[in-house]
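Data block for work19.cif (mmCIF, C-alpha atoms):
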```cif
data_model
loop_
_atom_site.label_atom_id
_atom_site.label_comp_id
_atom_site.auth_asym_id
_atom_site.auth_seq_id
_atom_site.Cartn_x
_atom_site.Cartn_y
_atom_site.Cartn_z
CA MET A 1 -19.21 4.18 15.67
CA THR A 2 -19.29 4.73 19.45
CA ASP A 3 -19.08 7.92 21.49
CA SER A 4 -15.43 7.15 22.33
CA GLU A 5 -14.45 7.10 18.65
CA VAL A 6 -13.43 10.01 16.45
CA THR A 7 -13.65 10.33 12.70
CA THR A 8 -10.51 11.36 10.89
CA HIS A 9 -10.17 11.82 7.17
CA VAL A 10 -7.57 12.05 4.41
CA ALA A 11 -7.91 13.41 0.89
CA VAL A 12 -7.68 10.67 -1.73
CA ASP A 13 -7.59 10.45 -5.51
CA PRO A 14 -9.23 7.06 -6.11
CA ALA A 15 -7.74 6.92 -9.62
CA ASN A 16 -4.35 6.78 -7.90
CA PRO A 17 -4.20 3.10 -6.87
CA GLY A 18 -1.39 3.80 -4.43
CA GLN A 19 -3.56 6.26 -2.55
CA PHE A 20 -6.47 3.82 -2.61
CA PHE A 21 -4.41 0.97 -1.14
CA ALA A 22 -2.89 3.44 1.35
CA CYS A 23 -6.41 4.12 2.65
CA CYS A 24 -6.87 0.39 3.03
CA GLY A 25 -3.59 0.34 4.95
CA LEU A 26 -4.87 3.05 7.31
CA LEU A 27 -7.96 0.96 8.03
CA GLU A 28 -5.84 -2.14 8.64
CA LEU A 29 -3.53 -0.34 11.07
CA ALA A 30 -6.30 1.42 12.98
CA ASP A 31 -8.31 -1.78 13.33
CA ARG A 32 -5.35 -3.77 14.66
CA LEU A 33 -4.54 -1.08 17.21
CA TRP A 34 -7.95 0.08 18.38
CA GLY A 35 -10.72 -1.37 16.19
CA ALA A 36 -11.92 0.74 13.28
CA GLU A 37 -14.29 1.23 10.37
CA GLY A 38 -13.56 3.08 7.15
CA TRP A 39 -15.34 4.33 4.04
CA PHE A 40 -14.92 6.55 0.96
CA GLY A 41 -16.89 9.64 0.02
CA ASP A 42 -16.49 12.96 -1.83
CA GLY A 43 -12.78 12.63 -2.55
CA GLU A 44 -11.90 11.58 0.99
CA PHE A 45 -11.38 8.45 3.05
CA PHE A 46 -12.98 8.49 6.48
CA LEU A 47 -11.75 6.48 9.44
CA ALA A 48 -13.67 5.95 12.69
CA CYS A 49 -11.42 4.80 15.55
CA LYS A 50 -10.22 5.84 19.02
CA ARG A 51 -7.21 7.91 17.93
CA GLY A 52 -6.28 10.38 15.20
CA LEU A 53 -4.15 10.23 12.07
CA GLN A 54 -1.02 11.54 13.79
CA GLU A 55 -1.01 8.72 16.37
CA LEU A 56 -1.70 6.14 13.67
CA LEU A 57 1.21 7.23 11.48
CA HIS A 58 3.60 7.40 14.42
CA ALA A 59 2.66 3.82 15.35
CA LEU A 60 3.56 2.71 11.83
CA VAL A 61 7.09 4.15 11.90
CA ALA A 62 7.90 3.94 15.63
CA ASN A 63 9.70 0.59 15.51
CA PRO A 64 12.29 -0.70 13.02
CA ALA A 65 11.19 -3.43 10.64
CA GLU A 66 12.65 -6.91 10.85
CA ALA A 67 13.52 -8.74 7.63
CA VAL A 68 12.52 -12.41 7.77
CA THR A 69 15.05 -14.40 5.70
CA THR A 70 14.21 -17.80 7.19
CA MET A 71 10.56 -18.85 7.28
CA ALA A 72 8.92 -21.01 9.93
CA ASN A 73 8.94 -23.96 7.51
CA GLY A 74 12.71 -23.64 7.09
CA LEU A 75 12.68 -22.11 3.61
CA THR A 76 15.18 -19.33 3.03
CA VAL A 77 14.17 -16.05 1.39
CA LYS A 78 16.45 -13.78 -0.60
CA PRO A 79 16.77 -10.32 0.97
CA ILE A 80 15.31 -8.66 -2.12
CA ILE A 81 11.86 -10.12 -1.33
CA ALA A 82 12.19 -10.94 2.37
CA PRO A 83 8.96 -10.57 4.39
CA LEU A 84 8.91 -7.70 6.85
CA LYS A 85 7.78 -7.96 10.46
CA ILE A 86 6.43 -4.65 11.78
CA ALA A 87 5.68 -4.21 15.50
CA LEU A 88 2.94 -1.62 16.00
CA GLY A 89 2.65 -2.14 19.74
CA ASP A 90 2.87 -4.69 22.53
CA GLU A 91 -0.68 -6.03 22.26
CA VAL A 92 -1.52 -9.38 20.65
CA GLY A 93 -2.41 -8.92 17.00
CA THR A 94 -0.54 -5.66 16.53
CA THR A 95 2.42 -7.19 14.68
CA LEU A 96 2.21 -7.03 10.91
CA LEU A 97 3.87 -9.49 8.55
CA LEU A 98 4.14 -8.04 5.06
CA ASP A 99 4.94 -10.51 2.29
CA SER A 100 2.64 -9.73 -0.63
CA TRP A 101 5.70 -9.54 -2.93
CA MET A 102 6.72 -13.20 -2.43
CA ARG A 103 5.19 -16.66 -2.72
CA ILE A 104 6.15 -20.30 -2.38
CA ASP A 105 6.44 -22.36 -5.57
CA VAL A 106 7.75 -25.78 -6.54
CA HIS A 107 10.83 -25.88 -8.78
CA ARG A 108 12.29 -29.23 -9.85
CA GLY A 109 10.38 -30.95 -7.11
CA LYS A 110 11.53 -28.62 -4.33
CA ALA A 111 9.70 -25.81 -2.56
CA VAL A 112 11.30 -22.42 -3.19
CA VAL A 113 10.45 -18.80 -2.41
CA ILE A 114 10.06 -16.55 -5.45
CA GLY A 115 8.72 -13.10 -6.31
CA ASN A 116 4.95 -12.74 -6.42
CA ALA A 117 4.10 -10.83 -9.59
CA PRO A 118 2.92 -8.18 -10.02
CA TRP A 119 3.64 -6.91 -6.50
CA ASP A 120 7.42 -7.49 -6.58
CA PHE A 121 7.99 -4.21 -8.43
CA TRP A 122 11.66 -3.63 -7.62
CA SER A 123 14.88 -5.35 -8.70
CA GLY A 124 18.64 -4.90 -8.73
CA GLN A 125 20.22 -3.87 -5.42
CA GLN A 126 16.95 -2.86 -3.76
CA THR A 127 15.59 -4.98 -0.90
CA SER A 128 12.23 -4.90 0.85
CA PHE A 129 13.93 -4.00 4.13
CA GLY A 130 16.01 -1.22 2.60
CA ILE A 131 13.02 0.31 0.84
CA TRP A 132 10.84 0.19 3.97
CA SER A 133 13.56 1.66 6.20
CA ALA A 134 14.28 4.56 3.85
CA LEU A 135 10.57 5.35 3.45
CA CYS A 136 10.07 5.28 7.23
CA ALA A 137 12.93 7.74 7.71
CA GLU A 138 11.35 10.13 5.19
CA LEU A 139 7.89 9.86 6.73
CA LYS A 140 9.33 10.55 10.19
CA ARG A 141 10.92 13.71 8.82
CA GLN A 142 7.61 14.77 7.29
CA LEU A 143 5.70 14.18 10.52
CA ARG A 144 8.12 16.36 12.47
CA THR A 145 7.42 19.37 10.26
CA LEU A 146 3.89 18.83 8.94
CA ALA A 147 1.21 20.77 10.82
CA ASP A 148 -1.85 18.84 12.00
CA ASP A 149 -4.14 20.78 9.67
CA ARG A 150 -2.07 19.58 6.68
CA LEU A 151 -2.21 15.89 7.61
CA PRO A 152 -5.43 15.26 5.63
CA LYS A 153 -3.45 16.15 2.48
CA LEU A 154 -0.51 13.94 3.43
CA PHE A 155 -0.76 11.77 0.31
CA SER A 156 0.09 14.75 -1.91
CA GLN A 157 3.21 15.61 0.12
CA ARG A 158 5.93 14.13 -2.10
CA VAL A 159 9.68 14.14 -1.59
CA LEU A 160 12.60 13.00 -3.74
CA LEU A 161 13.28 9.30 -3.19
CA SER A 162 15.57 6.85 -4.95
CA GLY A 163 13.94 3.79 -3.38
CA ARG A 164 10.23 2.95 -3.32
CA PHE A 165 7.89 -0.01 -3.64
CA GLY A 166 6.13 1.29 -6.77
CA PHE A 167 2.58 1.91 -5.58
CA ASP A 168 2.43 5.69 -6.09
CA PRO A 169 1.95 6.59 -9.79
CA GLY A 170 3.04 10.12 -8.98
CA ALA A 171 6.58 8.76 -9.03
CA ALA A 172 6.16 6.76 -12.21
CA TRP A 173 7.78 8.92 -14.86
CA GLY A 174 9.66 6.75 -17.29
CA ALA A 175 11.84 6.78 -20.36
CA LEU A 176 9.15 8.25 -22.63
CA ASP A 177 8.59 11.14 -20.23
CA ALA A 178 12.20 11.98 -19.43
CA GLY A 179 14.08 10.70 -22.45
CA PHE A 180 15.74 8.04 -20.30
CA SER A 181 14.89 5.77 -17.39
CA PRO A 182 15.37 7.42 -13.98
CA ASN A 183 15.49 3.97 -12.37
CA ALA A 184 18.32 2.83 -14.63
CA GLN A 185 20.23 6.03 -13.81
CA ASP A 186 19.63 5.62 -10.05
CA LEU A 187 17.98 9.05 -9.85
CA SER A 188 15.53 10.27 -7.25
CA VAL A 189 11.95 11.03 -8.24
CA ALA A 190 9.09 12.64 -6.33
CA SER A 191 7.20 10.06 -4.28
CA SER A 192 4.88 9.97 -1.27
CA PRO A 193 6.49 7.95 1.53
CA ALA A 194 3.12 7.73 3.29
CA VAL A 195 1.43 6.28 0.21
CA GLU A 196 4.25 3.80 -0.42
CA LEU A 197 4.33 2.54 3.18
CA LEU A 198 0.58 2.42 3.77
CA ALA A 199 -0.12 0.78 0.40
CA ALA A 200 2.36 -1.98 1.28
CA VAL A 201 0.26 -2.58 4.39
CA GLY A 202 -3.05 -2.32 2.55
CA ILE A 203 -2.24 -4.72 -0.29
CA GLN A 204 -1.55 -7.46 2.26
CA ARG A 205 -5.27 -7.97 2.92
CA PHE A 206 -7.08 -5.79 0.39
CA ARG A 207 -6.33 -7.63 -2.85
CA PRO A 208 -7.90 -6.39 -6.10
CA ALA A 209 -9.52 -8.69 -8.64
CA MET A 210 -6.78 -9.63 -11.12
CA LEU A 211 -7.80 -9.59 -14.78
CA ASP A 212 -4.40 -10.76 -16.00
CA ARG A 213 -0.79 -10.39 -14.89
CA HIS A 214 -0.73 -6.66 -15.60
CA SER A 215 -4.26 -5.38 -14.91
CA PHE A 216 -6.79 -5.54 -12.11
CA THR A 217 -9.97 -3.95 -10.78
CA TYR A 218 -10.78 -2.53 -7.38
CA ALA A 219 -13.87 -0.93 -5.88
CA LEU A 220 -14.54 1.83 -3.37
CA TRP A 221 -17.17 1.31 -0.67
CA SER A 222 -19.29 4.13 0.74
CA VAL A 223 -20.58 2.78 4.07
CA PRO A 224 -18.55 2.22 7.28
CA LEU A 225 -16.93 -1.22 7.20
CA PRO A 226 -14.25 -3.03 9.22
CA PRO A 227 -11.35 -4.62 7.27
CA ALA A 228 -12.77 -8.09 6.53
CA PRO A 229 -15.94 -7.04 4.63
CA ALA A 230 -14.12 -4.02 3.20
CA ALA A 231 -11.56 -6.36 1.62
CA CYS A 232 -14.42 -8.26 -0.02
CA ALA A 233 -15.81 -4.98 -1.38
CA VAL A 234 -12.40 -4.09 -2.83
CA ALA A 235 -12.36 -7.33 -4.80
CA GLY A 236 -15.78 -6.60 -6.29
CA VAL A 237 -18.09 -8.56 -3.98
CA ALA A 238 -21.40 -6.67 -4.04
CA ILE A 239 -21.94 -6.24 -0.31
CA THR A 240 -22.61 -2.48 -0.28
CA PRO A 241 -24.63 -0.17 -2.56
CA GLY A 242 -23.14 2.56 -4.70
CA VAL A 243 -19.68 1.07 -5.31
CA ILE A 244 -17.36 2.80 -7.76
CA SER A 245 -14.91 0.56 -9.60
CA PHE A 246 -11.58 1.27 -11.26
CA ARG A 247 -9.30 -0.63 -13.57
CA GLY A 248 -5.61 -0.43 -12.68
CA GLN A 249 -2.52 -1.55 -14.51
CA VAL A 250 1.10 -2.43 -13.88
CA VAL A 251 3.60 -0.76 -16.22
CA SER A 252 7.33 -1.08 -16.82
CA ARG A 253 9.62 1.66 -15.48
CA GLY A 254 13.10 0.70 -16.66
CA GLN A 255 14.40 -2.09 -14.42
CA TYR A 256 11.32 -1.76 -12.22
CA ALA A 257 7.57 -2.10 -12.51
CA ALA A 258 5.03 0.26 -10.94
CA LEU A 259 1.35 1.08 -10.83
CA ALA A 260 -0.05 3.58 -13.32
CA HIS A 261 -3.09 5.78 -12.80
CA SER A 262 -6.37 3.89 -13.02
CA THR A 263 -9.47 4.35 -15.15
CA GLU A 264 -12.93 4.54 -13.64
CA LEU A 265 -15.27 1.85 -14.91
CA VAL A 266 -18.75 2.89 -15.96
CA LYS A 267 -21.82 0.71 -16.26
CA GLY A 268 -21.30 -1.85 -19.01
CA ASP A 269 -17.51 -1.96 -18.71
CA PHE A 270 -15.80 -5.28 -18.09
CA HIS A 271 -15.16 -5.73 -14.34
CA GLY A 272 -13.62 -9.15 -14.09
#
```
Is it possible to express this structure as structure tokens?
Amino acid sequence: MTDSEVTTHVAVDPANPGQFFACCGLLELADRLWGAEGWFGDGEFFLACKRGLQELLHALVANPAEAVTTMANGLTVKPIIAPLKIALGDEVGTTLLLDSWMRIDVHRGKAVVIGNAPWDFWSGQQTSFGIWSALCAELKRQLRTLADDRLPKLFSQRVLLSGRFGFDPGAAWGALDAGFSPNAQDLSVASSPAVELLAAVGIQRFRPAMLDRHSFTYALWSVPLPPAPAACAVAGVAITPGVISFRGQVVSRGQYAALAHSTELVKGDFHG
């Protein structure tokens, strides 16, 4: 950290995988814009960069997303899983391409674009572009009314949303909780737009270690790191001391899937 950098922080529940990946998204954004290092400690995520949290969040939602339905190799992508191009600024390297929810496969001898489980949580009439746009509109509304001293608790500021990616377990109440599926009934549930948007950014680089199709592990790091080594730490590479690991899971929520709350792993638990 240099004299020109400031340290900002946000409260985080590391057992909430959406909040964890949202912290990773903050680090990714700040590093692309200004250069940054991030780390976890005492229920907070710390970020050392040249600007504060307010400027970072505004950069995320300032420009409309662009849905990419035709890839550079000529393959077409269905709107439901279309990659999203996000312009953070005019500098080289500040454009994000988010496509963790899709992959290229071979079907009957031909290359096709399909959903990338487990990160393609949504279905039906939802599209990646529609979800992103609605979440951005909600976050913009929050930023207009949220005082600066409340920004560190942004992840706990939930609003009623009918569309979301599925990263925030706070929104994941299902048929057993309510007596019916809110997704199937097209009802709104309380979600954090900041968590949903930032986690979609974070999961692009910061991939957990997959145990099977429905479970994974991820680890917190406690020393300042830029994105590349931090992403290795997330996946369980022992590059820093004092890591804390969690086991996450993907659960069914009616027509959708979503992340559930994670369980902290103690010494002797299976990590991978």
* Any idea what's packed within 12 Å of range 236-241 of chain A, counting all atoms listed in the file, ignoring anything in its chain fewer than 6 positions away? Could you give it as a count of residues only? -> 24
* Structure fact -> With distances taken over all atoms listed in the file, the candidate from A:Cys136, A:Met71, A:Ala147, A:Val112 nearest Val195 in chain A is A:Cys136
* To do: Do a neighbour search on range 153-162 of chain A at 10 Å with all atoms listed in the file, toss out local chain neighbours closer than 3 positions, and write the hits as a PyMOL selection string.
  => chain A and resi 9-13+18-19+22-23+44+126+131+134-135+138-139+142-143+146+148-150+168+170-171+182-183+186-196
* Exercise: Ala67 in chain A partners within 7 Å, only C-alpha atoms, chain neighbours under 6 positions left out, as a list in words ->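 Result of the neighbour search: Ala82, Pro83, Leu84, Lys85 and Phe129 of chain A.
Residues with any atom within 12 Å of Gly93 in chain A, counting all atoms listed in the file and excluding same-chain neighbours fewer than 5 positions away, are A:Glu28, A:Leu29, A:Ala30, A:Asp31, A:Arg32, A:Leu33, A:Trp34, A:Gly35, A:Ile86, A:Ala87, A:Leu88.
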Enumerate, as a JSON list (two decimals) with C-alpha atoms, keeping the file's coordinate frame, the residues matched when the PyMOL selection byres ((chain A and resi 38) around 7) is run on the file above.
```
[["chain", "number", "residue", "atom", "x", "y", "z"],
["A", 27, "LEU", "CA", -7.96, 0.96, 8.03],
["A", 36, "ALA", "CA", -11.92, 0.74, 13.28],
["A", 37, "GLU", "CA", -14.29, 1.23, 10.37],
["A", 39, "TRP", "CA", -15.34, 4.33, 4.04],
["A", 46, "PHE", "CA", -12.98, 8.49, 6.48],
["A", 47, "LEU", "CA", -11.75, 6.48, 9.44],
["A", 48, "ALA", "CA", -13.67, 5.95, 12.69],
["A", 224, "PRO", "CA", -18.55, 2.22, 7.28],
["A", 225, "LEU", "CA", -16.93, -1.22, 7.20],
["A", 226, "PRO", "CA", -14.25, -3.03, 9.22]]
```
* **For Val250 in chain A, the nearest of the candidates A:Leu151, A:Ser133, A:Ala231, A:Phe121, counting only C-alpha atoms** => A:Phe121
